[in-house]
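For reference, data.txt (compact mmCIF, C-alpha atoms):
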# COMPACT_ATOMS: atom_id res chain seq x y z
CA MET A 16 10.68 12.08 22.93
CA GLN A 17 10.31 14.00 19.75
CA ARG A 18 7.58 12.53 17.58
CA ILE A 19 7.40 13.24 13.86
CA TYR A 20 4.04 12.25 12.40
CA LEU A 21 3.54 11.82 8.66
CA THR A 22 -0.03 12.18 7.45
CA GLY A 23 -1.73 12.12 4.07
CA PRO A 24 -3.83 9.88 1.85
CA ARG A 25 -3.03 6.35 0.75
CA ALA A 26 0.08 6.17 -1.44
CA CYS A 27 1.39 9.64 -0.59
CA GLY A 28 4.64 8.10 0.65
CA LYS A 29 4.23 8.16 4.42
CA THR A 30 5.79 4.74 5.01
CA THR A 31 8.58 5.15 2.45
CA VAL A 32 9.52 8.64 3.62
CA GLY A 33 9.04 7.68 7.26
CA ALA A 34 11.42 4.73 7.04
CA ALA A 35 14.02 6.87 5.23
CA LEU A 36 13.65 9.69 7.75
CA ALA A 37 13.95 7.32 10.71
CA GLU A 38 17.13 5.86 9.23
CA THR A 39 18.56 9.32 8.60
CA CYS A 40 17.73 10.47 12.16
CA GLN A 41 18.64 7.13 13.74
CA ALA A 42 15.13 7.13 15.13
CA VAL A 43 12.45 4.59 15.91
CA PHE A 44 10.03 4.07 13.03
CA LEU A 45 6.42 3.02 13.58
CA ASP A 46 3.59 2.68 11.09
CA THR A 47 0.17 2.88 12.76
CA ASP A 48 -1.32 0.54 10.14
CA GLN A 49 1.34 -2.08 10.94
CA VAL A 50 0.83 -1.62 14.69
CA PHE A 51 -2.93 -1.98 14.12
CA CYS A 52 -2.44 -5.26 12.23
CA THR A 53 -0.21 -6.61 15.00
CA ARG A 54 -2.73 -5.52 17.67
CA THR A 55 -5.70 -7.12 15.92
CA GLY A 56 -3.99 -10.14 14.41
CA GLY A 57 -4.99 -9.58 10.78
CA SER A 58 -5.14 -7.16 7.89
CA ILE A 59 -7.13 -3.94 7.87
CA ALA A 60 -9.26 -5.26 4.99
CA GLU A 61 -10.16 -8.37 7.00
CA PHE A 62 -10.94 -6.30 10.08
CA VAL A 63 -13.16 -3.87 8.17
CA ALA A 64 -14.99 -6.74 6.43
CA ARG A 65 -15.63 -8.41 9.78
CA GLU A 66 -16.20 -5.41 12.11
CA GLY A 67 -17.00 -2.41 9.88
CA TRP A 68 -15.46 1.03 9.45
CA ASP A 69 -16.73 2.53 12.73
CA ARG A 70 -15.13 -0.24 14.77
CA PHE A 71 -11.95 0.12 12.72
CA ARG A 72 -11.80 3.85 13.53
CA ASP A 73 -12.23 3.02 17.25
CA GLU A 74 -9.33 0.58 17.11
CA GLU A 75 -7.26 2.98 15.00
CA HIS A 76 -7.68 5.62 17.74
CA GLN A 77 -6.56 3.10 20.37
CA THR A 78 -3.57 2.25 18.18
CA LEU A 79 -2.57 5.92 18.03
CA ARG A 80 -2.80 6.18 21.81
CA GLN A 81 -0.69 3.01 22.11
CA VAL A 82 1.98 4.43 19.78
CA ILE A 83 2.06 7.70 21.73
CA GLY A 84 2.55 5.73 24.95
CA GLU A 85 5.27 3.55 23.46
CA THR A 86 7.22 6.58 22.25
CA ALA A 87 7.17 8.47 25.55
CA GLY A 88 10.88 7.91 26.28
CA GLU A 89 14.01 9.67 25.07
CA GLY A 90 15.00 10.04 21.43
CA THR A 91 13.06 10.55 18.24
CA ALA A 92 10.23 8.54 16.73
CA VAL A 93 8.98 8.82 13.16
CA ILE A 94 5.37 7.70 12.90
CA SER A 95 3.56 7.00 9.64
CA THR A 96 -0.20 7.22 10.14
CA GLY A 97 -3.11 5.63 8.34
CA GLY A 98 -4.70 7.85 5.72
CA GLY A 99 -7.99 8.17 7.59
CA ILE A 100 -6.60 8.78 11.06
CA VAL A 101 -7.45 12.48 10.65
CA LEU A 102 -11.19 11.72 10.47
CA ARG A 103 -11.48 11.83 14.26
CA GLU A 104 -11.09 15.22 15.87
CA GLU A 105 -9.33 13.74 18.89
CA ASN A 106 -6.75 12.10 16.62
CA ARG A 107 -6.09 15.42 14.88
CA ARG A 108 -5.66 17.06 18.27
CA LEU A 109 -3.27 14.33 19.45
CA LEU A 110 -1.20 14.47 16.26
CA HIS A 111 -0.81 18.22 16.52
CA ALA A 112 -0.22 18.35 20.28
CA THR A 113 2.13 15.40 20.82
CA GLY A 114 4.61 15.89 17.99
CA ILE A 115 5.41 17.62 14.75
CA CYS A 116 2.79 16.69 12.18
CA LEU A 117 3.76 16.81 8.50
CA TYR A 118 1.26 16.42 5.67
CA LEU A 119 2.63 14.85 2.48
CA GLN A 120 0.59 16.44 -0.32
CA VAL A 121 0.36 14.54 -3.60
CA PRO A 122 -2.02 15.38 -6.47
CA VAL A 123 -4.79 12.94 -7.38
CA PRO A 124 -3.28 11.73 -10.71
CA GLU A 125 -0.05 10.75 -8.96
CA LEU A 126 -1.91 9.01 -6.11
CA VAL A 127 -3.96 7.03 -8.65
CA HIS A 128 -0.78 6.07 -10.53
CA ARG A 129 0.92 4.91 -7.32
CA LEU A 130 -2.10 2.94 -6.12
CA ALA A 131 -2.59 1.26 -9.50
CA ALA A 132 1.05 0.14 -9.44
CA ASP A 133 0.91 -1.08 -5.81
CA PRO A 134 0.92 -4.87 -5.45
CA LYS A 135 -0.65 -4.49 -1.96
CA VAL A 136 -3.73 -2.69 -3.32
CA ALA A 137 -5.93 -5.70 -2.51
CA GLN A 138 -5.04 -5.33 1.18
CA ARG A 139 -6.61 -1.87 1.20
CA PRO A 140 -10.39 -1.95 1.42
CA SER A 141 -12.32 0.40 -0.83
CA LEU A 142 -13.40 3.50 1.03
CA THR A 143 -16.34 4.42 -1.17
CA GLY A 144 -16.96 1.53 -3.57
CA ALA A 145 -16.27 3.87 -6.51
CA GLY A 146 -13.60 3.44 -9.17
CA LEU A 147 -10.02 4.24 -8.20
CA GLN A 148 -9.84 7.72 -9.81
CA GLU A 149 -13.20 8.82 -8.41
CA GLU A 150 -12.52 7.37 -4.96
CA VAL A 151 -9.11 9.02 -4.63
CA ALA A 152 -10.47 12.40 -5.77
CA ASP A 153 -13.51 12.23 -3.46
CA VAL A 154 -11.55 11.06 -0.43
CA LEU A 155 -8.82 13.65 -0.89
CA ARG A 156 -11.38 16.42 -1.37
CA SER A 157 -13.07 15.58 1.92
CA ARG A 158 -9.88 14.97 3.93
CA GLU A 159 -7.64 17.76 2.62
CA PRO A 160 -8.89 20.31 5.21
CA LEU A 161 -8.39 17.75 7.98
CA TYR A 162 -4.80 17.00 6.95
CA GLN A 163 -4.08 20.71 6.84
CA ALA A 164 -5.79 21.35 10.17
CA CYS A 165 -3.47 19.09 12.15
CA ALA A 166 -0.26 19.69 10.16
CA HIS A 167 2.52 21.91 11.34
CA SER A 168 3.83 21.89 7.76
CA CYS A 169 2.69 20.66 4.35
CA LEU A 170 5.30 19.05 2.11
CA ASP A 171 5.35 18.20 -1.59
CA GLY A 172 5.06 14.42 -1.47
CA THR A 173 6.06 14.07 -5.13
CA GLN A 174 9.68 14.81 -4.22
CA SER A 175 12.15 12.01 -3.61
CA PRO A 176 12.34 10.50 -0.11
CA SER A 177 15.93 11.73 0.25
CA LEU A 178 14.98 15.31 -0.62
CA LEU A 179 11.99 15.14 1.72
CA CYS A 180 14.31 13.94 4.51
CA GLU A 181 16.54 16.97 3.93
CA ILE A 182 13.53 19.29 4.04
CA VAL A 183 12.22 17.69 7.23
CA LEU A 184 15.61 17.97 8.92
CA LYS A 185 15.69 21.69 8.11
CA LEU A 186 12.13 22.07 9.43
CA LEU A 187 13.05 20.28 12.66
CA LYS A 188 16.09 22.51 13.11
CA SER A 189 14.01 25.66 12.60
CA HIS A 190 11.26 24.28 14.86
CA LYS A 191 13.76 23.72 17.69
CA GLY A 192 15.01 27.26 17.21
CA SER A 193 11.49 28.64 17.67
CA ASP A 194 10.87 26.83 21.00
Go through the file and emit its structure as structure tokens.
Amino acid sequence: MQRIYLTGPRACGKTTVGAALAETCQAVFLDTDQVFCTRTGGSIAEFVAREGWDRFRDEEHQTLRQVIGETAGEGTAVISTGGGIVLREENRRLLHATGICLYLQVPVPELVHRLAADPKVAQRPSLTGAGLQEEVADVLRSREPLYQACAHSCLDGTQSPSLLCEIVLKLLKSHKGSD
């Protein structure tokens, strides 16, 4: 199984690009946030309100391990990850070691614009309690090195999903050639 992980902050396009890439590659598409919600029977916001962030990160790790196990067969799987999955060192190690990890980089102003326009924003619990602009900037500042640490490649997430799919396909081709 070839796994392609997409990482990055909220609203960088992981799910949109991941679904497009999976369709292009005729691959399985999984979103760890969706798998988490199915596993726990509710939304992430509800879980965090009830159990707290530490417990969420524990369950998020178990979700990643579940997804890795479910994608152990033949073929290709495109996996969109939660924005904070990189906070745990073991998750970063797993992402880097069990597939090709791609970081979708998007500047703060664009992330803020996308989040403000997102009708699902209420389903995403605040990470810091700060205003949107400040929260996005602070979170990205602290996580940027973590995204880069586990990524095999960093991509410009402001490009269209179709162009990003083309870029990823070229990366995969060159990656296979270097094996």
Can you tell me which residues surround region 117-133 of chain A at a distance of at most 7 Å, considering only C-alpha atoms, apart from same-chain residues fewer than 5 positions away, and format the answer as a compact mmCIF listing (two decimals) with C-alpha atoms, keeping the file's coordinate frame?
# COMPACT_ATOMS: atom_id res chain seq x y z
CA TYR A 20 4.04 12.25 12.40
CA LEU A 21 3.54 11.82 8.66
CA THR A 22 -0.03 12.18 7.45
CA GLY A 23 -1.73 12.12 4.07
CA ALA A 26 0.08 6.17 -1.44
CA CYS A 27 1.39 9.64 -0.59
CA LEU A 147 -10.02 4.24 -8.20
CA GLN A 148 -9.84 7.72 -9.81
CA VAL A 151 -9.11 9.02 -4.63
CA ALA A 152 -10.47 12.40 -5.77
CA TYR A 162 -4.80 17.00 6.95
CA GLN A 163 -4.08 20.71 6.84
CA ALA A 166 -0.26 19.69 10.16
CA HIS A 167 2.52 21.91 11.34
CA SER A 168 3.83 21.89 7.76
CA CYS A 169 2.69 20.66 4.35
CA LEU A 170 5.30 19.05 2.11
CA ASP A 171 5.35 18.20 -1.59
CA GLY A 172 5.06 14.42 -1.47
CA THR A 173 6.06 14.07 -5.13
Worksheet entry | Straight-line distance linking CA of Asp73 (chain A) with CA of Arg156 (chain A), stated in Å to one decimal |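 Result for CA of Asp73 (chain A) versus CA of Arg156 (chain A): 23.0 Å, one decimal.
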Practice prompt. Just give me the gap between CA of Gly84 (chain A) and CA of Ile59 (chain A) in Å, one decimal is fine.
Written response: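 It comes out at 21.9 Å.
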Fill in: Interatomic distance, CA of Val50 (chain A) to CA of Glu75 (chain A) (Å, one decimal)
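Calculated distance between CA of Val50 (chain A) and CA of Glu75 (chain A) is 9.3 Å.
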Practice prompt. Up to 10 Å from (11.3, 6.9, 23.4) in the file's coordinates: name the residues, counting all atoms listed in the file, as a ChimeraX atom specification.
Written response: /A:16-18,42-43,83-92
Discussion item. Could you list, as a list in words, every residue within 8 Å of Ser95 (chain A), counting all atoms listed in the file and ignoring same-chain residues fewer than 5 positions away?
Written reply: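 Listed by chain and then number, they are Tyr20, Leu21, Thr22, Lys29, Thr30, Gly33, Phe44, Leu45, Asp46 and Thr47 of chain A.
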Would you list the contacts of Ala35 (chain A) as a compact mmCIF listing (two decimals) with C-alpha atoms, in the frame of the given file, taking every protein, DNA or RNA residue within 10 Å and counting all atoms listed in the file, but skipping same-chain residues closer than 3 positions in sequence?
# COMPACT_ATOMS: atom_id res chain seq x y z
CA LYS A 29 4.23 8.16 4.42
CA THR A 30 5.79 4.74 5.01
CA THR A 31 8.58 5.15 2.45
CA VAL A 32 9.52 8.64 3.62
CA GLU A 38 17.13 5.86 9.23
CA THR A 39 18.56 9.32 8.60
CA CYS A 40 17.73 10.47 12.16
CA GLN A 41 18.64 7.13 13.74
CA ALA A 42 15.13 7.13 15.13
CA PHE A 44 10.03 4.07 13.03
CA VAL A 93 8.98 8.82 13.16
CA PRO A 176 12.34 10.50 -0.11
CA SER A 177 15.93 11.73 0.25
CA LEU A 179 11.99 15.14 1.72
CA CYS A 180 14.31 13.94 4.51
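Each of A:Cys52, A:Val154, A:Ala60, A:Val82 was checked against Gly99 (chain A) using all atoms listed in the file; the smallest atom-to-atom distance is that of A:Val154.
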Worksheet item: Hey, which of A:Asp153, A:Glu74, A:Glu159, A:Asp48 ends up closest to Thr96 (chain A)? Count only C-alpha atoms.
Response: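 Residue with the minimum atom-to-atom distance to Thr96 (chain A): A:Asp48.
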Report the centre and edge lengths, in Å to one decimal, of an axis-aligned box enclosing every atom of region 28-33 of chain A listed in the file, padded by 8 Å on each side, as JSON.
{"center_x": 6.9, "center_y": 6.7, "center_z": 4.0, "size_x": 21.3, "size_y": 19.9, "size_z": 22.6}
